[in-house]
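Shown next: input-v3.txt, given as compact mmCIF, C-alpha atoms.
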# COMPACT_ATOMS: atom_id res chain seq x y z
CA MET A 1 18.71 13.96 2.63
CA ARG A 2 15.21 14.09 4.10
CA GLY A 3 16.50 12.21 7.12
CA TYR A 4 19.32 14.74 7.51
CA PHE A 5 16.90 17.67 7.55
CA ASN A 6 14.56 15.84 9.96
CA GLY A 7 17.54 15.37 12.28
CA ARG A 8 18.33 19.07 11.99
CA ASP A 9 14.72 19.90 12.88
CA ARG A 10 14.07 21.31 9.41
CA ILE A 11 10.86 19.35 8.85
CA SER A 12 9.60 21.87 6.29
CA ALA A 13 12.32 20.81 3.81
CA THR A 14 11.14 17.19 3.94
CA ALA A 15 7.45 18.11 3.74
CA LYS A 16 7.95 20.50 0.82
CA SER A 17 10.06 18.01 -1.13
CA GLN A 18 7.42 15.30 -0.69
CA THR A 19 4.64 17.69 -1.71
CA LEU A 20 6.59 18.81 -4.79
CA GLU A 21 7.27 15.19 -5.72
CA GLN A 22 3.53 14.39 -5.76
CA ILE A 23 2.65 17.57 -7.68
CA PHE A 24 5.39 16.89 -10.25
CA LYS A 25 4.26 13.27 -10.53
CA THR A 26 0.65 14.24 -11.22
CA ALA A 27 1.48 17.02 -13.67
CA LEU A 28 4.24 15.16 -15.52
CA THR A 29 2.19 11.96 -15.82
CA VAL A 30 -0.52 13.91 -17.62
CA VAL A 31 1.95 15.83 -19.83
CA VAL A 32 4.18 12.86 -20.74
CA VAL A 33 1.26 10.53 -21.48
CA GLU A 34 -0.39 13.21 -23.64
CA ILE A 35 2.86 13.61 -25.61
CA VAL A 36 3.10 9.83 -26.02
CA VAL A 37 -0.49 9.70 -27.33
CA MET A 38 0.21 12.47 -29.84
CA MET A 39 3.39 10.73 -31.07
CA TYR A 40 2.44 7.03 -30.95
CA GLY A 41 -1.33 6.90 -30.50
CA THR A 42 -3.04 5.00 -27.67
CA ASN A 43 -0.40 2.29 -27.35
CA VAL A 44 -0.97 1.02 -23.81
CA LYS A 45 2.60 -0.22 -23.27
CA ILE A 46 4.23 3.02 -24.42
CA MET A 47 1.73 5.06 -22.38
CA ALA A 48 2.61 3.00 -19.29
CA ALA A 49 6.31 3.54 -19.97
CA GLY A 50 5.65 7.27 -20.24
CA ALA A 51 3.86 7.26 -16.87
CA ASN A 52 6.84 5.46 -15.29
CA LEU A 53 9.20 8.01 -16.83
CA ALA A 54 7.11 10.79 -15.27
CA THR A 55 7.50 9.16 -11.84
CA THR A 56 11.27 8.98 -12.27
CA LEU A 57 11.45 12.62 -13.35
CA SER A 58 9.34 13.72 -10.36
CA VAL A 59 11.75 11.99 -7.95
CA LEU A 60 14.73 13.63 -9.68
CA LEU A 61 13.10 17.06 -9.45
CA SER A 62 12.31 16.51 -5.77
CA PHE A 63 15.94 15.51 -5.20
CA GLY A 64 17.02 18.64 -7.07
CA TYR A 65 14.96 20.76 -4.69
CA LEU A 66 16.60 19.10 -1.66
CA ALA A 67 20.08 19.54 -3.16
CA LEU A 68 19.44 23.25 -3.80
CA TYR A 69 17.96 23.65 -0.31
CA TYR A 70 21.02 21.96 1.21
CA LYS A 71 23.35 24.26 -0.72
CA LEU A 72 21.54 27.35 0.60
CA TYR A 73 21.15 25.85 4.08
CA LYS A 74 24.91 25.29 4.47
CA ARG A 75 25.50 29.05 4.21
CA LYS A 76 23.18 29.86 7.11
CA PRO A 77 24.30 29.73 10.74
CA LYS A 78 22.96 26.56 12.34
CA LYS A 79 21.80 25.89 15.87
CA PRO A 80 24.25 23.68 17.74
CA LEU A 81 22.97 20.15 18.18
CA ARG A 82 21.82 19.30 21.68
CA ARG A 83 24.50 17.40 23.56
CA ILE A 84 23.43 13.91 24.51
CA LYS A 85 24.98 11.05 26.38
CA GLN A 86 27.60 9.38 24.20
CA GLU A 87 26.71 5.85 23.09
CA SER A 88 28.58 3.10 21.31
CA ALA A 89 28.09 2.60 17.58
CA ILE A 90 26.50 -0.82 18.18
CA SER A 91 23.94 0.68 20.59
CA ILE A 92 23.03 3.41 18.09
CA VAL A 93 22.68 0.90 15.22
CA LYS A 94 20.42 -1.31 17.36
CA LYS A 95 18.15 1.66 18.09
CA ILE A 96 18.04 2.66 14.43
CA ILE A 97 17.06 -0.88 13.39
CA TRP A 98 14.47 -1.09 16.18
CA VAL A 99 12.81 2.10 14.95
CA SER A 100 13.28 1.70 11.19
CA PHE A 101 12.14 -1.92 10.84
CA PRO A 102 8.45 -1.33 11.76
CA ILE A 103 8.38 1.84 9.66
CA ALA A 104 9.84 -0.10 6.72
CA ILE A 105 7.16 -2.79 7.22
CA SER A 106 4.49 -0.04 7.10
CA ALA A 107 5.91 1.22 3.79
CA ILE A 108 5.95 -2.35 2.43
CA MET A 109 2.30 -2.81 3.43
CA SER A 110 1.43 0.34 1.46
CA THR A 111 3.28 -0.97 -1.60
CA LEU A 112 1.66 -4.40 -1.33
CA ASN A 113 -1.77 -2.75 -1.21
CA LYS A 114 -1.10 -1.25 -4.63
CA ASN A 115 0.18 -4.59 -5.95
CA VAL A 116 -3.03 -6.37 -4.91
CA ASP A 117 -4.87 -4.69 -7.79
CA SER A 118 -2.14 -5.57 -10.30
CA MET A 119 -2.31 -9.24 -9.20
CA THR A 120 -6.10 -9.59 -9.08
CA VAL A 121 -7.97 -7.16 -11.34
CA ILE A 122 -6.86 -8.38 -14.78
CA ARG A 123 -6.98 -12.09 -13.86
CA ILE A 124 -10.43 -11.93 -12.25
CA LEU A 125 -11.92 -9.79 -15.06
CA LYS A 126 -10.73 -12.35 -17.61
CA GLU A 127 -12.04 -15.33 -15.64
CA ALA A 128 -15.32 -13.94 -14.27
CA PHE A 129 -16.47 -11.93 -17.33
CA ASN A 130 -14.61 -13.74 -20.14
CA MET A 131 -13.12 -10.34 -20.91
CA PRO A 132 -10.38 -10.17 -23.58
CA GLU A 133 -6.95 -9.51 -22.08
CA ASN A 134 -6.49 -6.15 -23.79
CA GLN A 135 -9.85 -4.95 -22.42
CA ALA A 136 -8.97 -6.18 -18.91
CA ILE A 137 -5.61 -4.38 -19.12
CA LEU A 138 -7.42 -1.22 -20.22
CA GLN A 139 -9.76 -1.40 -17.20
CA TYR A 140 -6.80 -1.85 -14.86
CA GLY A 141 -4.96 1.00 -16.60
CA ILE A 142 -7.85 3.38 -15.93
CA LEU A 143 -7.75 2.43 -12.24
CA SER A 144 -3.99 2.56 -11.73
CA GLY A 145 -2.98 5.19 -14.27
CA LYS A 146 -5.67 7.83 -13.94
CA VAL A 147 -7.76 7.28 -10.82
CA ASP A 148 -4.91 6.38 -8.46
CA THR A 149 -2.87 9.34 -9.72
CA LEU A 150 -5.70 11.76 -8.90
CA ILE A 151 -6.67 10.36 -5.49
CA THR A 152 -3.07 10.27 -4.21
CA LEU A 153 -2.62 14.01 -4.86
CA PRO A 154 -4.36 15.06 -1.58
CA LEU A 155 -1.89 12.90 0.35
CA SER A 156 0.90 15.20 -0.78
CA PHE A 157 -0.83 18.18 0.84
CA ASN A 158 -1.37 16.31 4.10
CA VAL A 159 2.11 14.78 4.29
CA ALA A 160 3.49 18.04 5.70
CA PHE A 161 1.29 17.69 8.79
CA SER A 162 1.92 13.97 9.36
CA THR A 163 5.69 14.41 8.88
CA ALA A 164 5.95 17.44 11.17
CA LEU A 165 3.83 15.68 13.79
CA VAL A 166 6.42 12.98 14.58
CA PRO A 167 9.18 15.12 16.18
CA THR A 168 6.63 17.46 17.78
CA ILE A 169 4.83 14.62 19.56
CA SER A 170 8.12 12.92 20.45
CA ALA A 171 9.36 16.12 22.10
CA ALA A 172 6.13 16.55 24.09
CA ILE A 173 6.09 12.92 25.24
CA ALA A 174 9.79 13.08 26.18
CA VAL A 175 9.13 15.85 28.71
CA GLY A 176 5.90 14.26 29.97
CA ASP A 177 3.63 16.87 28.37
CA LYS A 178 0.74 14.55 27.49
CA LYS A 179 -1.71 17.44 27.47
CA GLY A 180 0.38 19.30 24.87
CA ALA A 181 0.74 16.14 22.79
CA SER A 182 -3.03 15.55 22.93
CA ARG A 183 -3.74 19.15 21.89
CA ARG A 184 -1.33 18.93 18.94
CA ILE A 185 -2.70 15.56 17.73
CA SER A 186 -6.33 16.70 18.07
CA PHE A 187 -5.61 19.83 16.05
CA SER A 188 -3.72 17.86 13.39
CA MET A 189 -6.59 15.37 13.05
CA LEU A 190 -9.07 18.25 12.67
CA LEU A 191 -6.88 19.95 10.07
CA THR A 192 -6.57 16.65 8.22
CA MET A 193 -10.36 16.30 8.15
CA ILE A 194 -10.62 19.87 6.81
CA ILE A 195 -8.17 18.95 4.02
CA GLY A 196 -9.54 15.49 3.20
CA LEU A 197 -13.29 16.13 3.03
CA PRO A 198 -13.35 18.74 0.23
CA PHE A 199 -11.05 16.58 -1.91
CA THR A 200 -13.33 13.57 -1.34
CA PHE A 201 -16.58 15.34 -2.21
CA GLY A 202 -14.98 17.50 -4.90
CA MET A 203 -13.67 14.50 -6.85
CA ALA A 204 -16.95 12.63 -6.36
CA VAL A 205 -19.06 15.54 -7.62
CA PHE A 206 -16.71 16.69 -10.41
CA ALA A 207 -15.41 13.26 -11.43
CA GLN A 208 -16.25 13.51 -15.14
CA PRO A 209 -15.34 17.22 -15.55
CA ILE A 210 -11.98 16.57 -13.84
CA LEU A 211 -11.24 13.63 -16.15
CA ASN A 212 -12.25 15.75 -19.16
CA LEU A 213 -9.89 18.48 -17.99
CA VAL A 214 -6.87 16.39 -16.96
CA PHE A 215 -7.14 13.51 -19.45
CA PRO A 216 -8.84 15.02 -22.55
CA ASN A 217 -7.79 12.12 -24.81
CA ALA A 218 -8.96 9.39 -22.38
CA THR A 219 -11.96 10.59 -20.36
CA SER A 220 -13.42 7.27 -19.18
CA GLY A 221 -13.42 6.21 -15.52
CA ALA A 222 -15.82 8.66 -13.82
CA VAL A 223 -17.59 6.00 -11.74
CA LEU A 224 -14.26 4.54 -10.67
CA LEU A 225 -13.06 7.97 -9.58
CA GLN A 226 -16.28 8.63 -7.65
CA LEU A 227 -15.97 5.33 -5.76
CA SER A 228 -12.25 5.80 -5.16
CA ALA A 229 -12.73 9.38 -3.94
CA PHE A 230 -14.05 8.09 -0.63
CA THR A 231 -10.65 6.58 0.14
CA ILE A 232 -9.15 10.08 0.34
CA VAL A 233 -10.51 11.27 3.67
CA PHE A 234 -9.71 7.98 5.42
CA SER A 235 -6.25 7.67 3.87
CA VAL A 236 -5.21 11.18 5.00
CA LEU A 237 -6.67 10.59 8.47
CA ALA A 238 -4.76 7.30 8.70
CA GLN A 239 -1.61 9.12 7.54
CA THR A 240 -1.91 11.66 10.37
CA ALA A 241 -2.89 9.05 13.00
CA ASN A 242 0.11 6.90 12.06
CA GLY A 243 2.42 9.92 12.23
CA ALA A 244 1.14 10.62 15.76
CA LEU A 245 1.62 6.97 16.79
CA GLN A 246 5.19 6.95 15.48
CA GLY A 247 5.88 10.15 17.41
CA MET A 248 4.57 8.47 20.57
CA GLY A 249 6.81 5.46 20.05
CA ARG A 250 3.96 3.11 19.02
CA ILE A 251 5.81 2.30 15.81
CA MET A 252 4.41 -1.23 15.38
CA VAL A 253 0.77 -0.07 15.24
CA PRO A 254 0.93 1.43 11.69
CA ALA A 255 2.50 -1.82 10.46
CA VAL A 256 -0.24 -3.91 12.09
CA SER A 257 -3.05 -1.66 10.82
CA GLY A 258 -1.48 -1.78 7.35
CA PHE A 259 -1.42 -5.57 7.45
CA VAL A 260 -5.07 -5.79 8.56
CA GLY A 261 -6.02 -3.36 5.79
CA LEU A 262 -4.07 -5.47 3.27
CA VAL A 263 -6.03 -8.59 4.26
CA VAL A 264 -9.33 -6.68 3.90
CA LYS A 265 -8.22 -5.40 0.47
CA ILE A 266 -7.39 -8.92 -0.79
CA ILE A 267 -10.68 -10.38 0.46
CA SER A 268 -12.68 -7.45 -0.97
CA ASN A 269 -11.06 -7.72 -4.40
CA ILE A 270 -11.64 -11.48 -4.58
CA ALA A 271 -15.26 -11.12 -3.43
CA LEU A 272 -16.35 -7.96 -5.28
CA ILE A 273 -14.54 -7.88 -8.64
CA PRO A 274 -16.34 -11.03 -9.95
CA ILE A 275 -19.68 -9.31 -9.14
CA ILE A 276 -19.22 -5.63 -10.09
CA GLY A 277 -16.00 -5.68 -12.11
CA VAL A 278 -13.16 -3.19 -11.62
CA ASN A 279 -15.42 -1.06 -9.38
CA GLY A 280 -14.93 -3.78 -6.76
CA ALA A 281 -11.23 -2.89 -6.58
CA ALA A 282 -12.14 0.76 -5.88
CA ILE A 283 -14.51 -0.29 -3.07
CA GLY A 284 -11.80 -2.62 -1.73
CA SER A 285 -9.37 0.29 -1.54
CA SER A 286 -11.94 2.36 0.35
CA LEU A 287 -12.55 -0.47 2.84
CA ASN A 288 -8.80 -0.92 3.24
CA ASN A 289 -8.27 2.73 4.18
CA VAL A 290 -11.27 2.73 6.53
CA VAL A 291 -9.86 -0.29 8.40
CA VAL A 292 -6.31 1.13 8.54
CA PHE A 293 -7.64 4.38 9.98
CA LEU A 294 -9.97 2.75 12.51
CA VAL A 295 -7.28 0.40 13.87
CA SER A 296 -4.72 3.20 14.22
CA TYR A 297 -7.26 5.67 15.62
CA MET A 298 -8.58 3.24 18.27
CA VAL A 299 -5.05 2.60 19.54
CA LEU A 300 -4.27 6.33 19.43
CA LYS A 301 -7.44 7.20 21.37
CA LYS A 302 -6.76 4.46 23.92
CA THR A 303 -3.18 5.67 24.41
CA LEU A 304 -3.90 9.39 24.67
CA LYS A 305 -7.05 11.35 25.48
CA LEU A 306 -8.06 13.31 22.38
CA ASN A 307 -10.36 16.31 22.17
CA LEU A 308 -12.35 15.46 19.04
CA LYS A 309 -15.99 16.41 19.53
CA THR A 310 -18.46 15.12 16.93
CA LYS A 311 -19.89 18.57 16.16
CA LYS A 312 -16.49 20.16 15.61
CA PHE A 313 -14.71 17.21 13.98
CA ILE A 314 -17.48 15.78 11.76
CA ILE A 315 -20.72 17.79 11.57
CA LYS A 316 -19.32 21.28 10.86
CA PRO A 317 -16.72 20.09 8.27
CA VAL A 318 -19.45 18.07 6.51
CA ILE A 319 -21.74 21.14 6.41
CA ALA A 320 -18.91 23.29 4.99
CA THR A 321 -18.16 20.62 2.38
CA PHE A 322 -21.84 20.29 1.44
CA ILE A 323 -22.15 24.07 0.93
CA MET A 324 -19.01 24.02 -1.23
CA SER A 325 -20.15 21.05 -3.33
CA VAL A 326 -23.67 22.28 -4.05
CA SER A 327 -22.77 25.90 -4.79
CA SER A 328 -19.79 25.04 -7.02
CA TYR A 329 -21.73 22.42 -9.00
CA VAL A 330 -24.61 24.86 -9.56
CA LEU A 331 -22.10 27.42 -10.85
CA TYR A 332 -20.50 24.76 -13.08
CA THR A 333 -23.90 23.82 -14.53
CA ILE A 334 -24.72 27.46 -15.30
CA LEU A 335 -21.31 28.20 -16.85
CA THR A 336 -21.24 25.04 -18.98
CA GLY A 337 -24.08 26.37 -21.11
CA MET A 338 -22.26 29.67 -21.63
CA ILE A 339 -18.51 28.93 -21.99
CA ALA A 340 -16.20 25.99 -22.73
CA GLU A 341 -16.51 23.07 -20.32
CA LYS A 342 -12.82 23.05 -19.31
CA ILE A 343 -12.94 26.74 -18.37
CA SER A 344 -16.19 26.11 -16.48
CA THR A 345 -14.49 23.32 -14.53
CA ILE A 346 -11.49 25.49 -13.57
CA ILE A 347 -13.70 28.41 -12.49
CA ALA A 348 -16.01 26.10 -10.50
CA ILE A 349 -13.05 24.48 -8.69
CA LEU A 350 -11.53 27.87 -7.79
CA PHE A 351 -14.96 29.04 -6.63
CA ALA A 352 -15.28 25.85 -4.53
CA VAL A 353 -11.99 26.60 -2.76
CA ILE A 354 -13.09 30.14 -1.88
CA ILE A 355 -16.56 29.05 -0.72
CA TYR A 356 -15.10 26.26 1.40
CA ILE A 357 -12.65 28.58 3.17
CA LEU A 358 -15.44 31.09 3.84
CA ALA A 359 -17.72 28.30 5.15
CA VAL A 360 -15.01 27.02 7.50
CA ILE A 361 -14.51 30.55 8.84
CA ALA A 362 -18.25 31.28 9.13
CA LEU A 363 -18.88 28.03 11.03
CA LYS A 364 -15.99 28.88 13.41
CA ILE A 365 -14.55 25.39 13.19
CA PHE A 366 -11.22 26.65 14.54
CA THR A 367 -10.82 28.42 17.86
CA LYS A 368 -8.54 31.46 18.17
CA GLU A 369 -5.82 29.29 19.71
CA GLU A 370 -6.06 26.84 16.81
CA MET A 371 -6.00 29.65 14.27
CA LEU A 372 -2.64 30.77 15.67
CA MET A 373 -1.23 27.28 14.99
CA ILE A 374 -1.94 27.62 11.25
CA PRO A 375 0.70 29.27 9.01
CA TYR A 376 -0.03 33.04 8.89
CA GLY A 377 -2.73 32.33 11.47
CA SER A 378 -1.95 35.41 13.57
CA LYS A 379 -2.56 37.76 10.62
CA LEU A 380 -5.73 35.91 9.67
CA CYS A 381 -6.97 35.99 13.26
CA LYS A 382 -6.45 39.77 13.49
CA MET A 383 -8.32 40.31 10.22
CA LEU A 384 -11.25 38.16 11.41
CA GLU A 385 -11.35 40.04 14.72
CA ARG A 386 -11.64 43.34 12.82
CA LEU A 387 -14.52 41.89 10.81
CA GLY A 388 -16.23 40.84 14.06
CA ILE A 389 -16.20 37.13 13.22
CA TYR A 390 -13.98 36.19 16.19
Mind turning this structure into structure tokens?
Amino acid sequence: MRGYFNGRDRISATAKSQTLEQIFKTALTVVVVEIVVMMYGTNVKIMAAGANLATTLSVLLSFGYLALYYKLYKRKPKKPLRRIKQESAISIVKKIIWVSFPIAISAIMSTLNKNVDSMTVIRILKEAFNMPENQAILQYGILSGKVDTLITLPLSFNVAFSTALVPTISAAIAVGDKKGASRRISFSMLLTMIIGLPFTFGMAVFAQPILNLVFPNATSGAVLLQLSAFTIVFSVLAQTANGALQGMGRIMVPAVSGFVGLVVKIISNIALIPIIGVNGAAIGSSLNNVVVFLVSYMVLKKTLKLNLKTKKFIIKPVIATFIMSVSSYVLYTILTGMIAEKISTIIAILFAVIIYILAVIALKIFTKEEMLMIPYGSKLCKMLERLGIY
């Protein structure tokens, strides 16, 4: 169904369904596991089954959204499809396979990356530290069940940009508009950085309060979350870079970068887990995402000239993130001594969002032209002009 809507140039349906799937997965995992704990206690196997059930339910709910969207979409008048030169069925199938095979390989690389931890963490912990199996399983469960669930949430917010980028870049390249393609990719990379950085620093700074809030019956894993948080910014950047490469027809590059990252992940796990325990797996994931991004980005930059200046792309977003992190943590510290910790955490996070948006605006990270490319950007631009900021 997502493919159908992509073909109909309704990218928003695909992006929204993927975003909803991740939100449902995160929320339902917490709810279902909490219910399991209340009913059966901290039985690891039943808790894991509950987490898997939550994943299944999130996919069903996402499908339900697409089915409802399709039902409403059928009633609306549709643009006629652009007439193209008629081709034989065999020719069309060959093209589909040629495009889909590398993309499928990229998806497999992503899945294998997750399986590396399941194949190495428990075994190495048992062998290197003489750790009992149930303790090793518990350590792996913290990594895969709690930490991975939290750090994959930002990907759902960025997936809309990476998904929408593919047909946009393809259309620009098809008509020879390399300048337009470069402008769109540069803006998408900047927007991805703006999304990824606050999640990275926010989860690193508020690791323990977030775990206390989301997993009140199992709050361990703060250090793991802090180490894993640094994968976020590189994973979302890699997601956007790979979307741009696929739109440009460089569909093998994401598969190659994924394979290189997989090799780095395996080596890192084998080398680091025997020394620093399960934290080595978190560092391995960070290194994996750094490598995947760098490989894809270097090919992207070599293929197309990008306008990503260091001050605009790195320095200003880092300053905005630093302002957000310090001010929100100070507020959290003050509130914790006055009200309940969970309420303090929620208020501090909401405050962080507001401060970050204001910092991004004050630092003028986006130009007027870029502001107009953001949803509701024209209204926001007019308001900022009245305030004398732009």
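When all atoms listed in the file are used to compute distances to Ile357 (chain A), the closest of the residues A:Ala229, A:Ile194, A:Ile142, A:Leu28 turns out to be A:Ile194.
Nearest residue to Phe129 (chain A), choosing from A:Lys25, A:Ile276, A:Val31, A:Asn212 and counting only C-alpha atoms: A:Ile276.
Note that CA of Gly284 (chain A) and CA of Leu190 (chain A) are 25.5 Å apart.
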What's the separation between CA of Thr42 (chain A) and CA of Pro154 (chain A), in Å to one decimal place?
28.0 Å
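With all atoms listed in the file as the atoms that count, the minimum distance from Phe101 (chain A) to the choices A:Ala255, A:Ser144, A:Asp177, A:Glu133 is reached by A:Ala255.
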Nearest candidate to Ile105 (chain A) (options A:Ile323, A:Ile169, A:Ile365, A:Val253; using all atoms listed in the file):
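Nearest to Ile105 (chain A): A:Val253.
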Name the residues in contact with region 384-389 of chain A at a cut-off of 12 Å, using all atoms listed in the file, excluding same-chain residues fewer than 6 positions from it; report them as a PDB file with C-alpha atoms, in the frame of the given file.
ATOM      1  CA  LEU A 358     -15.440  31.090   3.840  1.00  0.00           C
ATOM      2  CA  VAL A 360     -15.010  27.020   7.500  1.00  0.00           C
ATOM      3  CA  ILE A 361     -14.510  30.550   8.840  1.00  0.00           C
ATOM      4  CA  ALA A 362     -18.250  31.280   9.130  1.00  0.00           C
ATOM      5  CA  LEU A 363     -18.880  28.030  11.030  1.00  0.00           C
ATOM      6  CA  LYS A 364     -15.990  28.880  13.410  1.00  0.00           C
ATOM      7  CA  ILE A 365     -14.550  25.390  13.190  1.00  0.00           C
ATOM      8  CA  PHE A 366     -11.220  26.650  14.540  1.00  0.00           C
ATOM      9  CA  THR A 367     -10.820  28.420  17.860  1.00  0.00           C
ATOM     10  CA  LYS A 368      -8.540  31.460  18.170  1.00  0.00           C
ATOM     11  CA  MET A 371      -6.000  29.650  14.270  1.00  0.00           C
ATOM     12  CA  GLY A 377      -2.730  32.330  11.470  1.00  0.00           C
ATOM     13  CA  SER A 378      -1.950  35.410  13.570  1.00  0.00           C
TER      14      SER A 378
END
Counting all atoms listed in the file, write as JSON, numbers by chain all protein and nucleic acid residues lying at most 12 Å from (8.1, 20.2, -11.3) in the file's frame.
{"A": [17, 18, 19, 20, 21, 22, 23, 24, 25, 26, 27, 28, 29, 31, 54, 55, 56, 57, 58, 59, 60, 61, 62, 63, 64, 65]}
Print the selection's residues with C-alpha atoms to a file, as an mmCIF file, in the coordinates of the input.
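result36.cif was written with the following content:
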data_model
loop_
_atom_site.group_PDB
_atom_site.id
_atom_site.type_symbol
_atom_site.label_atom_id
_atom_site.label_comp_id
_atom_site.auth_asym_id
_atom_site.auth_seq_id
_atom_site.Cartn_x
_atom_site.Cartn_y
_atom_site.Cartn_z
ATOM 1 C CA SER A 17 10.060 18.010 -1.130
ATOM 2 C CA GLN A 18 7.420 15.300 -0.690
ATOM 3 C CA THR A 19 4.640 17.690 -1.710
ATOM 4 C CA LEU A 20 6.590 18.810 -4.790
ATOM 5 C CA GLU A 21 7.270 15.190 -5.720
ATOM 6 C CA GLN A 22 3.530 14.390 -5.760
ATOM 7 C CA ILE A 23 2.650 17.570 -7.680
ATOM 8 C CA PHE A 24 5.390 16.890 -10.250
ATOM 9 C CA LYS A 25 4.260 13.270 -10.530
ATOM 10 C CA THR A 26 0.650 14.240 -11.220
ATOM 11 C CA ALA A 27 1.480 17.020 -13.670
ATOM 12 C CA LEU A 28 4.240 15.160 -15.520
ATOM 13 C CA THR A 29 2.190 11.960 -15.820
ATOM 14 C CA VAL A 31 1.950 15.830 -19.830
ATOM 15 C CA ALA A 54 7.110 10.790 -15.270
ATOM 16 C CA THR A 55 7.500 9.160 -11.840
ATOM 17 C CA THR A 56 11.270 8.980 -12.270
ATOM 18 C CA LEU A 57 11.450 12.620 -13.350
ATOM 19 C CA SER A 58 9.340 13.720 -10.360
ATOM 20 C CA VAL A 59 11.750 11.990 -7.950
ATOM 21 C CA LEU A 60 14.730 13.630 -9.680
ATOM 22 C CA LEU A 61 13.100 17.060 -9.450
ATOM 23 C CA SER A 62 12.310 16.510 -5.770
ATOM 24 C CA PHE A 63 15.940 15.510 -5.200
ATOM 25 C CA GLY A 64 17.020 18.640 -7.070
ATOM 26 C CA TYR A 65 14.960 20.760 -4.690
#
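Nearest residue to Ala359 (chain A) among A:Met324, A:Leu335, A:Ala107, A:Ile35 is A:Met324, counting all atoms listed in the file.
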Residues near Leu112 (chain A), cut-off 10 Å, all atoms listed in the file, skip fewer than 4 positions along chain, as a list in words
Ser106, Ala107, Ile108, Val116, Asp117, Ser118, Gly258, Phe259 and Leu262 of chain A
Using only C-alpha atoms, what residues lie at most 6 Å away from (-8.4, 2.0, -8.2) (file coordinates), given as a list of chain:residue names?
A:Leu143, A:Ser144, A:Val147, A:Asp148, A:Ala281, A:Ala282
Those residues with C-alpha atoms, as an mmCIF file, in the frame of the given file please?
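Result written to result.cif:
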data_model
loop_
_atom_site.group_PDB
_atom_site.id
_atom_site.type_symbol
_atom_site.label_atom_id
_atom_site.label_comp_id
_atom_site.auth_asym_id
_atom_site.auth_seq_id
_atom_site.Cartn_x
_atom_site.Cartn_y
_atom_site.Cartn_z
ATOM 1 C CA LEU A 143 -7.750 2.430 -12.240
ATOM 2 C CA SER A 144 -3.990 2.560 -11.730
ATOM 3 C CA VAL A 147 -7.760 7.280 -10.820
ATOM 4 C CA ASP A 148 -4.910 6.380 -8.460
ATOM 5 C CA ALA A 281 -11.230 -2.890 -6.580
ATOM 6 C CA ALA A 282 -12.140 0.760 -5.880
#
Any idea what's packed within 9 Å of Leu155 (chain A), counting all atoms listed in the file, ignoring anything in its chain fewer than 6 positions away? Could you give it as a list in words?
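Non-adjacent residues within range: Thr19, Gln22, Gly196, Ile232, Ser235, Val236 and Gln239 of chain A.
The two atoms in question, CA of Leu191 (chain A) and CA of Phe5 (chain A), are spaced 24.0 Å apart.
Candidate residues A:Ile266, A:Gly221, A:Thr168, A:Lys146 were compared for distance to Gly180 (chain A), and the nearest is A:Thr168, using all atoms listed in the file.
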Provide an axis-aligned box for all listed atoms of region 58-77 of chain A, padding each side by 5 Å; report its centre and its edge lengths in Å to one decimal, as JSON.
{"center_x": 17.4, "center_y": 20.9, "center_z": 0.2, "size_x": 26.2, "size_y": 27.9, "size_z": 31.1}
Excluding Val264 (chain A) and residues on its chain fewer than 5 positions from it, collect all residues at most 9 Å away from it, counting only C-alpha atoms, and give them as a VMD selection string.
chain A and resid 259 269 284 to 285 287 to 288 291
Any idea what's packed within 9 Å of Tyr297 (chain A), counting all atoms listed in the file, ignoring anything in its chain fewer than 6 positions away? Could you give it as number ranges by chain?
A: 237-238, 241-242
